[in-house]
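Data block below; observations after.
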Amino acid sequence: MRAVDLIQKKKLGQKHTREEIYSLVEGYTKGEIEDYQMSAWLMAVCFQGLDKEETAYLTEAFVDSGEILDFSSISNFVADKHSTGGVGDKVTIVLIPLLASLGVTCAKLSGRGLGYTGGTVDKLESIPNFKCEMSKDDFMKQIKEINAAISSQSPNLTPADGKIYALRDVTATVDNKSLICASVVSKKIASGANSIVLDVKFGSGAFIKTKEEAQELAKLMIETGALLNRKISAIITSMEQPLGKNIGNSLEIIESIEFLKGNYSQDLYDVILEIVAKTLISGGFCKTKDEVKEKMDESIKSKKALEMLRKIISYQGGNPDVVDNYSLFKQAKNKYEIKAQNQGFISDLDALEIAHACKLLGAGRDKKSDSIDFSAGCILSKKISDKVQEGETVLTLYYNDVKEEKLKEAIEHTKNSFKLSNNEVTPPVLIYEG
C-alpha cells in the first residue's frame with residue numbers, strides 16, 4: 001500500500017487498519033518511506049488523532065520492530081516504572097533497590113536527559129566509574145544474580161520508535177497523546193516487564209501542563225497496555241514544584257542515598273510509596289497499602305534497600321564507597337545562596353524557573369552530544385507552605401566555571417522561582433490519582 005494513500009486517509013480523519021499501520025512503520029524503518037511522507041502522516045495524526053485501537057496497533061508495530069527481552073526463565077513477575085519526567089525526579093534511583101530488597105525482580109531501562117537536568121542514566125553516571133551501558137547478557141546475568149539492574153536503553157529495542165521520535169522532535173509532532181503513548185508503552189513492553197507503573201506528571205516542571213491532560217494520557221496508556229495483554233497502572237503527580245530538595249545529577253544521587261538511610265522529604269516518600277504499593281499489590285506480595293508501607297519502612301530501617309543500592313553500584317562498576325563518602329562525587333567549586341527579601345510563607349516555587357537555572361549552570365544539555373557538569377544544580381531549603389524569615393536562604397545554587405552572563409541569568413531565574421505570601425499557605429496536593 002502507498003504511503004500517500006495512508007497520509008490522505010488520516011488527513012480525512014479515517015481509521016487505519018492494523019495492516020496499514022504496520023505497513024507504514026515497517027516501510028519507514030526500512031527506508032522505503034521518506035522522511036517527508038512520515039512527517040506528513042505524523043502531522044495528520046496530530047490534527048485528526050488516533051483512536052485507542054490505532055494507538056495499540058502503532059505500539060505493537062514499534063515493539064515488533066526490534067528485540068523483545070524475555071525474563072521468564074528468571075521470574076514470572078518483572079517490574080518496571082516510567083516517569084514522564086520532571087525537575088528533581090530521582091524516583092528510579094530509590095525505587096529499584098527498594099523493590100529489589102523486597103523480593104521484586106526489577107529490569108529497568110532508562111535514558112539520558114535532553115532538557116533541563118539529566119536523565120536517570122546521567123545521574124547514575126555521576127557515581128565514579130558507574131556503567132549504564134550493559135550488554136543484554138550482562139543485564140540478564142545481573143538481574144538473575146541480584147534481582148535488579150539499571151541499564152541505558154538498547155538500540156535493538158523499538159528501533160522504529162527511535163527513528164520516528166527523532167523525526168517528531170524536529171517536526172513539532174511530539175505532544176500528541178497517542179504518539180507519546182505508543183513511544184512509552186512500546187519500550188516498556190519490549191524491555192520485558194509484565195508489571196508497569198507509570199508516573200504521569202503535570203505542571204510547570206513537566207511537558208504535560210494540566211491535570212486533565214495527564215489523566216487522559218494515563219487512561220490511554222492503561223487501555224493500550226490492556227489491549228496488548230500488559231498490566232499497566234498509573235499515578236498522576238504534580239510537578240508545580242521540584243520533587244524532593246536536590247536538583248542536579250550527583251546532588252540527586254546523594255538525596256537518593258539519604259532517602260535509603262531514612263532521611264527523606266515527605267513528597268518524595270509519598271510518590272515512592274504509591275509506586276511501591278501498586279507494584280507489590282499487583283504482584284501479590286501484599287494485600288493493602290498499609291502492609292506495603294510497613295514492609296517499605298522496615299527495608300529502609302534495616303538498611304536492606306541501602307545495601308541493595310550499594311550492590312547495584314558495585315556490580316555496574318561504580319565505587320560503592322560513595323554511599324558513605326559523598327566527597328567521592330565531583331564537587332562544585334562555587335555556591336550562591338538565594339535569600340528571601342521579606343518574611344512570609346512560600347506560596348509558589350516554579351519548577352520550570354529552577355530547571356532553567358540548573359541548565360544554565362551545566363546540569364542539563366541542549367543536544368545529546370553536550371557534556372554535563374555532574375556537580376551543578378541546586379538544593380532547596382524551603383518548599384511551598386514553608387515559613388521564611390527576611391534574609392533566610394530559600395535555595396542554594398552550585399556551579400563551577402560558568403560564564404558571568406549565564407550565572408546572572410541563573411540567579412534571575414531562581415529569584416523569580418518563588419513567591420511569598422503574608423498568609424499561611426496550604427501544602428499543595430501531590431498525588432491526584434493513584
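Just remember, in the C-alpha cells the first chain shown is A, the second B, etc., residues are 1-based per chain, and ligands are 1-based in the order shown.
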
Pull the closest atom pair for each residue of region 166-259 of chain A that gets at most 10 Å from region 295-311 of chain A, along with the distance in Å to one decimal, counting only C-alpha atoms, ordering rows by chain and then ascending residue number, as a Markdown table.
| residue | atom | partner | partner_atom | distance |
| --- | --- | --- | --- | --- |
| A:Ser256 | CA | A:Leu306 | CA | 9.6 |
| A:Ile257 | CA | A:Leu306 | CA | 7.1 |
| A:Glu258 | CA | A:Leu306 | CA | 9.1 |
| A:Phe259 | CA | A:Ile300 | CA | 8.2 |

- Message: Which residues are near Pro159 (chain A)? Cut-off 12 Å, only C-alpha atoms, ignore same chain within fewer than 6 positions. Put them as an MDAnalysis selection string.
- Response: chainID A and resid 25:26 28:30 61:68 153 165:166 183 186:187 190

* **Contacts of Asn76 (chain A) at 12 Å (only C-alpha atoms; same-chain gap of 3+ positions) as a ChimeraX atom specification** => /A:70-73,79,104-106,192-195,283-284

Practice item. Pull the strand (DSSP E or B) assignments for region 188-395 of chain A out of DSSP run on the backbone, and list those residues as a ChimeraX atom specification. Key: /A:195-202,231-238,246-247,334-339,344-349,377-380,387-388,393-395

Q.
What parts of region 115-200 of chain A does DSSP call helix (DSSP H, G or I)? I'd like the answer as a PyMOL selection string.
A. chain A and resi 120-124+136-146+159-169+177-190

Would you pick out the contacts of Leu50 (chain A) at 9 Å or less, using only C-alpha atoms, so that residues sharing its chain but fewer than 3 positions from it are not included, and give the list as a PDB file with N, CA and C atoms, in the first residue's frame?
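selection_35.pdb, written as the output of this step:
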ATOM      1  N   LYS A  10      -5.620   9.417   6.749  1.00  0.00           N
ATOM      2  CA  LYS A  10      -5.606  10.025   8.079  1.00  0.00           C
ATOM      3  C   LYS A  10      -5.924  11.512   8.007  1.00  0.00           C
ATOM      4  N   GLY A  13      -9.364  11.973   8.452  1.00  0.00           N
ATOM      5  CA  GLY A  13      -9.880  11.533   9.744  1.00  0.00           C
ATOM      6  C   GLY A  13     -10.408  10.122   9.759  1.00  0.00           C
ATOM      7  N   LYS A  15     -10.130   5.862   9.911  1.00  0.00           N
ATOM      8  CA  LYS A  15      -9.418   4.926  10.791  1.00  0.00           C
ATOM      9  C   LYS A  15      -8.525   3.983   9.995  1.00  0.00           C
ATOM     10  N   HIS A  16      -7.296   3.784  10.507  1.00  0.00           N
ATOM     11  CA  HIS A  16      -6.367   2.842   9.902  1.00  0.00           C
ATOM     12  C   HIS A  16      -6.632   1.421  10.398  1.00  0.00           C
ATOM     13  N   VAL A  45      -1.865  12.945  12.071  1.00  0.00           N
ATOM     14  CA  VAL A  45      -2.249  12.334  13.349  1.00  0.00           C
ATOM     15  C   VAL A  45      -2.462  13.402  14.402  1.00  0.00           C
ATOM     16  N   CYS A  46      -1.582  14.408  14.433  1.00  0.00           N
ATOM     17  CA  CYS A  46      -1.716  15.484  15.422  1.00  0.00           C
ATOM     18  C   CYS A  46      -3.035  16.238  15.258  1.00  0.00           C
ATOM     19  N   GLU A  53      -7.671   1.771  19.432  1.00  0.00           N
ATOM     20  CA  GLU A  53      -7.212   0.595  18.684  1.00  0.00           C
ATOM     21  C   GLU A  53      -6.020   0.952  17.793  1.00  0.00           C
ATOM     22  N   GLU A  54      -6.097   2.090  17.106  1.00  0.00           N
ATOM     23  CA  GLU A  54      -4.981   2.521  16.261  1.00  0.00           C
ATOM     24  C   GLU A  54      -3.723   2.756  17.101  1.00  0.00           C
ATOM     25  N   THR A  55      -3.913   3.334  18.295  1.00  0.00           N
ATOM     26  CA  THR A  55      -2.777   3.573  19.193  1.00  0.00           C
ATOM     27  C   THR A  55      -2.134   2.246  19.590  1.00  0.00           C
ATOM     28  N   LYS A 177      -0.940  12.752  22.193  1.00  0.00           N
ATOM     29  CA  LYS A 177      -1.028  11.745  23.259  1.00  0.00           C
ATOM     30  C   LYS A 177      -0.864  10.315  22.738  1.00  0.00           C
ATOM     31  N   SER A 178      -1.421  10.022  21.570  1.00  0.00           N
ATOM     32  CA  SER A 178      -1.281   8.669  21.032  1.00  0.00           C
ATOM     33  C   SER A 178       0.163   8.363  20.670  1.00  0.00           C
ATOM     34  N   LEU A 179       0.860   9.348  20.116  1.00  0.00           N
ATOM     35  CA  LEU A 179       2.262   9.146  19.761  1.00  0.00           C
ATOM     36  C   LEU A 179       3.121   8.998  21.016  1.00  0.00           C
TER      37      LEU A 179
END

Excluding Ile222 (chain A) and any residue of its chain fewer than 2 positions from it, enumerate the residues within 8 Å of it, using only C-alpha atoms, and give them as a ChimeraX atom specification. /A:218-220,224-226,231-234

Could you work out how far CA of Ala351 (chain A) lies from CA of Ala149 (chain A), giving the answer in Å with one decimal?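 Straight-line distance from CA of Ala149 (chain A) to CA of Ala351 (chain A) works out to 29.6 Å.
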